[in-house]
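Just entry31.txt here, compact mmCIF, C-alpha atoms and all ligand atoms:
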# COMPACT_ATOMS: atom_id res chain seq x y z
CA MET Y 1 6.47 -111.75 -71.14
CA ILE Y 2 3.50 -109.69 -69.99
CA PHE Y 3 0.04 -110.50 -71.34
CA ASP Y 4 -2.63 -107.82 -70.86
CA LEU Y 5 -6.11 -109.17 -71.52
CA ILE Y 6 -8.79 -106.53 -72.05
CA THR Y 7 -12.28 -107.95 -71.71
CA ILE Y 8 -15.82 -107.29 -70.53
CA PHE Y 9 -15.77 -110.74 -68.88
CA PRO Y 10 -12.69 -110.82 -66.59
CA GLU Y 11 -14.20 -113.81 -64.78
CA PHE Y 12 -13.73 -115.85 -67.96
CA PHE Y 13 -10.01 -116.16 -67.22
CA GLY Y 14 -10.37 -117.62 -63.71
CA GLY Y 15 -9.29 -121.13 -64.63
CA PRO Y 16 -7.60 -121.53 -68.02
CA PHE Y 17 -4.23 -120.31 -66.76
CA ASP Y 18 -4.29 -122.14 -63.42
CA CYS Y 19 -3.06 -125.55 -64.47
CA GLY Y 20 -0.19 -127.34 -66.16
CA ILE Y 21 2.56 -125.53 -68.01
CA LEU Y 22 0.84 -122.14 -67.87
CA ARG Y 23 0.52 -122.28 -64.10
CA ARG Y 24 4.14 -123.30 -63.76
CA ALA Y 25 5.25 -120.50 -66.10
CA ARG Y 26 3.31 -118.01 -63.98
CA GLU Y 27 4.73 -119.36 -60.72
CA GLN Y 28 8.26 -119.20 -62.13
CA GLY Y 29 7.70 -115.59 -63.17
CA LEU Y 30 8.25 -116.40 -66.87
CA ILE Y 31 4.87 -114.88 -67.73
CA ASP Y 32 2.66 -112.32 -66.07
CA ILE Y 33 -1.03 -112.43 -67.06
CA ARG Y 34 -2.96 -109.26 -66.25
CA VAL Y 35 -6.71 -109.18 -66.81
CA HIS Y 36 -8.34 -105.75 -67.26
CA ASP Y 37 -12.06 -105.10 -67.04
CA LEU Y 38 -13.05 -102.91 -70.00
CA ARG Y 39 -15.86 -101.42 -67.92
CA ALA Y 40 -13.29 -99.84 -65.61
CA PHE Y 41 -12.38 -97.54 -68.50
CA THR Y 42 -15.86 -96.14 -69.09
CA SER Y 43 -16.91 -92.71 -67.85
CA ASP Y 44 -20.69 -92.93 -67.53
CA LYS Y 45 -22.59 -94.21 -64.52
CA HIS Y 46 -23.88 -97.27 -66.42
CA ARG Y 47 -20.34 -98.24 -67.43
CA THR Y 48 -21.45 -98.54 -71.06
CA VAL Y 49 -19.07 -100.39 -73.35
CA ASP Y 50 -21.30 -100.91 -76.41
CA ASP Y 51 -23.71 -99.07 -78.68
CA ARG Y 52 -25.89 -99.63 -81.74
CA PRO Y 53 -24.17 -99.80 -85.13
CA PHE Y 54 -24.22 -96.76 -87.38
CA GLY Y 55 -26.19 -97.55 -90.53
CA GLY Y 56 -28.54 -99.86 -88.66
CA GLY Y 57 -28.57 -103.61 -88.43
CA GLU Y 58 -28.49 -106.27 -85.77
CA GLY Y 59 -26.40 -106.41 -82.63
CA MET Y 60 -24.19 -104.06 -80.68
CA VAL Y 61 -20.66 -102.84 -81.27
CA LEU Y 62 -17.97 -102.27 -78.64
CA LYS Y 63 -17.29 -98.53 -78.39
CA PRO Y 64 -13.82 -97.19 -79.18
CA GLU Y 65 -13.39 -94.88 -76.15
CA PRO Y 66 -12.99 -97.48 -73.38
CA VAL Y 67 -10.78 -99.67 -75.57
CA PHE Y 68 -8.42 -96.79 -76.40
CA ALA Y 69 -8.45 -95.69 -72.73
CA ALA Y 70 -7.64 -99.21 -71.53
CA VAL Y 71 -4.69 -99.65 -73.90
CA GLU Y 72 -3.38 -96.13 -73.30
CA SER Y 73 -3.44 -96.69 -69.54
CA LEU Y 74 -1.00 -99.60 -69.96
CA PHE Y 75 1.65 -97.38 -71.53
CA GLY Y 76 1.09 -94.21 -69.49
CA GLY Y 77 -0.60 -92.49 -72.44
CA ALA Y 78 2.47 -92.98 -74.67
CA GLU Y 79 2.73 -95.02 -77.87
CA PRO Y 80 3.27 -98.75 -77.21
CA PRO Y 81 7.02 -99.53 -77.37
CA PRO Y 82 8.32 -101.51 -80.38
CA ASP Y 83 8.64 -104.70 -78.30
CA ALA Y 84 4.90 -104.64 -77.52
CA GLU Y 85 2.10 -105.82 -79.80
CA VAL Y 86 -1.47 -104.55 -79.44
CA ILE Y 87 -3.62 -107.37 -80.78
CA LEU Y 88 -7.30 -107.15 -81.65
CA LEU Y 89 -8.83 -110.62 -81.72
CA SER Y 90 -11.10 -110.72 -84.74
CA ALA Y 91 -12.46 -113.26 -87.20
CA GLN Y 92 -11.40 -110.75 -89.88
CA GLY Y 93 -7.78 -110.77 -88.77
CA LYS Y 94 -4.60 -112.32 -90.06
CA LEU Y 95 -4.61 -116.06 -89.42
CA LEU Y 96 -2.65 -117.28 -86.39
CA THR Y 97 -0.03 -119.81 -87.46
CA HIS Y 98 2.89 -121.42 -85.69
CA SER Y 99 5.35 -119.08 -87.40
CA LEU Y 100 3.31 -116.01 -86.45
CA ALA Y 101 3.23 -117.31 -82.85
CA GLU Y 102 7.03 -117.64 -82.99
CA GLN Y 103 7.26 -113.97 -83.97
CA LEU Y 104 4.91 -112.97 -81.15
CA ALA Y 105 7.01 -114.96 -78.67
CA LYS Y 106 9.89 -112.54 -79.38
CA ARG Y 107 7.91 -109.58 -78.05
CA LYS Y 108 8.01 -108.51 -74.40
CA ARG Y 109 4.38 -107.55 -73.98
CA LEU Y 110 1.20 -108.65 -75.75
CA VAL Y 111 -2.01 -106.69 -75.27
CA LEU Y 112 -5.02 -108.79 -76.27
CA ILE Y 113 -8.30 -106.97 -76.92
CA CYS Y 114 -11.29 -109.31 -76.71
CA GLY Y 115 -14.28 -108.32 -78.80
CA ARG Y 116 -17.91 -109.29 -78.18
CA TYR Y 117 -21.29 -108.83 -79.86
CA GLU Y 118 -20.96 -107.77 -83.53
CA GLY Y 119 -17.35 -106.84 -82.91
CA VAL Y 120 -15.28 -103.77 -82.03
CA ASP Y 121 -15.55 -100.31 -83.60
CA GLU Y 122 -13.28 -100.46 -86.66
CA ARG Y 123 -11.22 -97.49 -85.48
CA VAL Y 124 -9.60 -99.82 -82.95
CA ALA Y 125 -8.28 -102.04 -85.78
CA ALA Y 126 -7.31 -99.01 -87.87
CA HIS Y 127 -5.72 -96.71 -85.29
CA LEU Y 128 -4.90 -98.63 -82.10
CA ALA Y 129 -4.14 -102.29 -82.77
CA THR Y 130 -0.81 -103.20 -84.34
CA LEU Y 131 -2.20 -106.60 -85.36
CA GLU Y 132 -5.71 -107.89 -86.06
CA LEU Y 133 -5.60 -111.61 -85.38
CA SER Y 134 -7.91 -114.54 -86.10
CA ILE Y 135 -7.48 -118.03 -84.67
CA GLY Y 136 -9.36 -119.70 -87.51
CA ASP Y 137 -12.03 -119.40 -90.16
CA TYR Y 138 -15.05 -119.59 -87.88
CA VAL Y 139 -16.89 -117.10 -85.69
CA LEU Y 140 -16.83 -117.41 -81.90
CA THR Y 141 -19.01 -115.48 -79.46
CA GLY Y 142 -16.09 -113.51 -78.07
CA GLY Y 143 -12.36 -112.86 -78.15
CA GLU Y 144 -11.64 -114.44 -74.74
CA LEU Y 145 -11.06 -117.99 -76.02
CA PRO Y 146 -8.86 -116.70 -78.87
CA ALA Y 147 -6.89 -114.60 -76.35
CA ALA Y 148 -6.38 -117.67 -74.16
CA VAL Y 149 -5.19 -119.56 -77.25
CA VAL Y 150 -2.61 -116.84 -77.95
CA VAL Y 151 -1.38 -116.90 -74.33
CA ASP Y 152 -1.04 -120.69 -74.50
CA VAL Y 153 0.71 -120.99 -77.86
CA VAL Y 154 3.10 -118.11 -77.16
CA THR Y 155 3.94 -119.24 -73.62
CA ARG Y 156 5.02 -122.71 -74.68
CA LEU Y 157 7.36 -121.14 -77.24
CA LEU Y 158 9.18 -119.06 -74.64
CA PRO Y 159 12.64 -120.35 -73.76
CA GLU Y 160 12.55 -122.22 -70.41
CA THR Y 161 8.77 -122.73 -70.36
CA LEU Y 162 8.74 -126.40 -71.35
CA GLY Y 163 10.57 -128.77 -69.06
CA CYS Y 164 12.39 -130.46 -71.95
CA ASP Y 165 13.98 -128.13 -74.48
CA LEU Y 166 13.37 -130.59 -77.31
CA SER Y 167 9.59 -130.74 -76.90
CA ALA Y 168 9.20 -127.47 -78.78
CA VAL Y 169 11.59 -128.58 -81.53
CA GLU Y 170 9.95 -131.77 -82.78
CA GLU Y 171 6.34 -130.83 -83.27
CA SER Y 172 3.84 -130.04 -85.98
CA PHE Y 173 4.45 -126.89 -88.08
CA THR Y 174 7.87 -126.25 -86.58
CA THR Y 175 10.45 -124.18 -88.40
CA HIS Y 176 13.12 -125.07 -85.85
CA PRO Y 177 16.48 -125.73 -87.55
CA ARG Y 178 17.10 -128.77 -85.29
CA ALA Y 179 13.80 -130.45 -86.19
CA GLN Y 180 14.08 -133.74 -88.10
CA ILE Y 181 10.75 -135.56 -87.88
CA SER Y 182 8.59 -132.55 -88.78
CA ALA Y 183 11.33 -130.55 -90.53
CA GLY Y 184 9.91 -128.25 -93.17
CA GLY Y 185 6.79 -127.40 -91.19
CA ILE Y 186 4.91 -130.66 -91.75
CA LEU Y 187 2.87 -132.50 -89.07
CA ASP Y 188 4.44 -134.37 -86.17
CA CYS Y 189 4.61 -138.17 -86.34
CA PRO Y 190 2.11 -140.37 -84.46
CA HIS Y 191 3.04 -141.22 -80.86
CA TYR Y 192 2.40 -144.45 -78.93
CA THR Y 193 2.82 -145.61 -75.36
CA ARG Y 194 2.17 -148.82 -73.37
CA PRO Y 195 0.46 -151.26 -73.83
CA ALA Y 196 2.20 -152.47 -77.01
CA ASP Y 197 -1.03 -154.21 -77.95
CA PHE Y 198 -4.33 -152.52 -77.15
CA ARG Y 199 -7.46 -154.45 -78.10
CA GLY Y 200 -5.59 -156.09 -80.94
CA HIS Y 201 -4.17 -152.81 -82.24
CA ALA Y 202 -0.41 -153.28 -82.11
CA VAL Y 203 2.19 -150.54 -81.96
CA PRO Y 204 4.48 -150.51 -85.05
CA GLU Y 205 7.22 -153.11 -84.43
CA VAL Y 206 10.06 -150.74 -85.24
CA LEU Y 207 9.24 -148.56 -82.21
CA LEU Y 208 9.95 -151.53 -79.93
CA SER Y 209 13.21 -152.41 -81.69
CA GLY Y 210 15.51 -149.99 -79.86
CA HIS Y 211 17.16 -149.25 -83.23
CA HIS Y 212 17.44 -145.45 -83.14
CA GLU Y 213 18.16 -144.89 -86.83
CA GLU Y 214 15.28 -147.12 -87.91
CA VAL Y 215 12.94 -145.38 -85.44
CA ALA Y 216 13.97 -141.95 -86.76
CA ARG Y 217 13.39 -143.08 -90.36
CA TRP Y 218 9.98 -144.52 -89.46
CA ARG Y 219 8.99 -141.30 -87.68
CA ARG Y 220 9.90 -139.09 -90.61
CA ARG Y 221 7.98 -141.35 -92.98
CA ALA Y 222 4.97 -141.54 -90.67
CA ALA Y 223 4.97 -137.74 -90.34
CA LEU Y 224 5.04 -137.39 -94.13
CA GLU Y 225 2.24 -139.92 -94.54
CA LYS Y 226 0.04 -138.23 -91.94
CA THR Y 227 0.65 -134.83 -93.51
CA LEU Y 228 -0.29 -136.21 -96.92
CA ARG Y 229 -3.49 -137.59 -95.47
CA ASN Y 230 -4.59 -134.68 -93.26
CA ARG Y 231 -2.79 -131.54 -94.48
CA PRO Y 232 -1.45 -132.00 -98.02
CA ASP Y 233 -1.24 -128.20 -98.35
CA LEU Y 234 1.74 -128.25 -95.95
CA LEU Y 235 3.70 -130.49 -98.32
CA ASP Y 236 3.45 -127.92 -101.12
CA ARG Y 237 5.63 -125.48 -99.20
CA ALA Y 238 7.86 -127.96 -97.35
CA PRO Y 239 11.44 -128.32 -98.59
CA LEU Y 240 11.48 -132.12 -99.07
CA SER Y 241 14.46 -134.38 -99.70
CA ASP Y 242 14.58 -136.91 -102.56
CA ALA Y 243 14.00 -139.67 -99.99
CA ASP Y 244 10.92 -137.84 -98.67
CA ARG Y 245 9.51 -137.49 -102.19
CA ALA Y 246 10.19 -141.12 -103.03
CA TRP Y 247 8.39 -142.20 -99.86
CA LEU Y 248 5.37 -140.01 -100.64
CA GLU Y 249 5.15 -141.54 -104.12
CA GLU Y 250 5.13 -144.99 -102.51
CA VAL Y 251 2.38 -143.95 -100.07
CA LYS Y 252 0.22 -142.59 -102.89
CA LYS Y 253 0.44 -145.96 -104.66
CA LYS Y 254 -0.78 -147.85 -101.53
N1 LIG Q 301 -19.27 -109.75 -86.78
C1 LIG Q 301 -18.00 -110.41 -86.66
C2 LIG Q 301 -17.63 -111.08 -87.96
O1 LIG Q 301 -18.51 -111.63 -88.61
O2 LIG Q 301 -16.44 -111.09 -88.32
C3 LIG Q 301 -18.00 -111.46 -85.57
C4 LIG Q 301 -18.00 -110.90 -84.18
S1 LIG Q 301 -17.83 -112.18 -82.97
C5 LIG Q 301 -19.46 -112.67 -82.71
C6 LIG Q 301 -17.43 -111.30 -81.50
C7 LIG Q 301 -15.97 -111.26 -81.17
O3 LIG Q 301 -15.45 -112.59 -81.04
C8 LIG Q 301 -15.05 -110.60 -82.18
O4 LIG Q 301 -15.04 -109.20 -82.02
C9 LIG Q 301 -13.70 -111.20 -81.85
O5 LIG Q 301 -13.06 -110.53 -80.80
C10 LIG Q 301 -14.08 -112.59 -81.38
N2 LIG Q 301 -13.88 -113.62 -82.41
C11 LIG Q 301 -14.83 -114.35 -83.03
N3 LIG Q 301 -14.30 -115.23 -83.88
C12 LIG Q 301 -12.97 -115.08 -83.80
C13 LIG Q 301 -11.87 -115.70 -84.47
N4 LIG Q 301 -12.03 -116.65 -85.36
N5 LIG Q 301 -10.62 -115.30 -84.14
C14 LIG Q 301 -10.43 -114.32 -83.23
N6 LIG Q 301 -11.44 -113.68 -82.59
C15 LIG Q 301 -12.68 -114.05 -82.87
Would you mind giving the structure from this file in structure tokens?
Amino acid sequence: MIFDLITIFPEFFGGPFDCGILRRAREQGLIDIRVHDLRAFTSDKHRTVDDRPFGGGEGMVLKPEPVFAAVESLFGGAEPPPDAEVILLSAQGKLLTHSLAEQLAKRKRLVLICGRYEGVDERVAAHLATLELSIGDYVLTGGELPAAVVVDVVTRLLPETLGCDLSAVEESFTTHPRAQISAGGILDCPHYTRPADFRGHAVPEVLLSGHHEEVARWRRRAALEKTLRNRPDLLDRAPLSDADRAWLEEVKKK
């Protein structure tokens, strides 16, 4: 997987990809992160990337010419191939979800255009980007953090990236057919480690029992309970079993 990050702040990315799983994925050649300075694609002596908005108003807008030139340079002037996605990070974009990340992880190359200021000239969204993507309903100062989020979430979904194959199966929002605890796209269950008693807060007994079936049942129930508490919207679209529903009814009565 190649990630091309187009930004006016290339120095932003000196760090986030240099530790943990991302660093290992880079060292193993599973991912290749290429950072491109948008200013390198300007043609004036001031290397201008922004201008005032037509119609007036506050702030500056990133100009279309350098953004188009930067993306076109990656594909030798040709159209991006079907296995590439040209993504404009934008608060006005489609919301990034786990299932959208799974789709992106099937591509071979992701180009991530980081906006700044008031945003990017709309012709980039309309005529260059294949996807306008938001990481949440809030406004950040720039697209660099969102781009780093995309690199992170997509990388850990690539086969071979995580040391243990199962780590990407049993986790919140998963649609993996082998998932049991969070099957149906609900939240993951709570996790505990030693000490069994921390400041009087004891770990649930069943987790110390060594009884695998009981542990699995507790985990599914705990995942359902946590989802009900924190993200009830996920339960509306989760295909739940009769046992799941019965447990949720019990929790609601508590
Ligand atoms: N005027 C824009 C609006 O209200 O939608 C906000 C522009 S924001 C200050 C500057 C840049 O940050 C955007 O062009 C985009 O690249 C990035 N950005 C901000 N919030 C984002 C979000 N939630 N998801 C993805 N990118 C975001």
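Atom CA of Glu205 of chain Y to atom CA of Val169 of chain Y spans 25.1 Å [interatomic distance, one decimal].
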Can you pull out every residue with an atom within 10 Å of ligand LIG 301 (chain Q)? Use all atoms listed in the file and format it as a ChimeraX atom specification. /Y:7,58-62,87-96,112-121,132-147,149-150
I'd like the neighbourhood of Pro66 of chain Y as number ranges by chain, where a residue qualifies if any of its atoms comes within 12 Å (using all atoms listed in the file), though same-chain residues fewer than 6 positions away should be ignored. Y: 6-8, 36-44, 47-50, 72-73, 113, 120-121, 124, 128
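Take the candidates Y:Leu224, Y:Val35, Y:Val206, Y:Ala196 and check each one against Gly184 of chain Y using all atoms listed in the file; the shortest distance goes to Y:Leu224.
For the atom pair formed by atom CA of Asp233 of chain Y and atom CA of Trp247 of chain Y, the distance is 17.1 Å, given to one decimal.
Of the residues under consideration (Y:Val67, Y:Pro195, Y:Cys189, Y:Arg237), Y:Cys189 shows the shortest atom-to-atom contact distance to Glu225 of chain Y when counting all atoms listed in the file.
The neighbours of Pro159 of chain Y here are the residues that come within 12 Å of it, using only C-alpha atoms and leaving out any residue fewer than 2 positions away in the same chain; they are Y:Met1, Y:Ala25, Y:Leu30, Y:Ile31, Y:Glu102, Y:Ala105, Y:Lys106, Y:Val154, Y:Thr155, Y:Arg156, Y:Leu157, Y:Thr161, Y:Leu162, Y:Gly163, Y:Cys164, Y:Asp165, Y:Leu166, Y:Ser167, Y:Ala168, Y:Val169.
The interatomic distance for the pair atom CA of Arg107 of chain Y and atom CA of Gln180 of chain Y works out to 26.9 Å.
Remark: for Ile186 of chain Y, the closest of the candidate residues Y:Ser209, Y:Thr227, Y:Gln28, Y:Thr130 is Y:Thr227 (distances computed over all atoms listed in the file).
Closest to Arg221 of chain Y among Y:Leu248, Y:Leu207, Y:Leu158, Y:Ala148 is Y:Leu248, based on all atoms listed in the file.
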Among Y:Arg26, Y:Arg217, Y:Arg34, Y:His98, Val153 of chain Y is approached most closely, using only C-alpha atoms, by Y:His98
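Closest approach to Pro53 of chain Y among Y:Glu122, Y:Ala70, Y:Val151, Y:Gly14 is made by Y:Glu122 (distances from all atoms listed in the file).
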If we count all atoms listed in the file and set the cut-off at 12 Å, which residues sit around Pro81 of chain Y, ignoring sequence neighbours fewer than 2 positions away in its own chain? Please answer as a ChimeraX atom specification. /Y:72,74-79,83-86,107-111,130
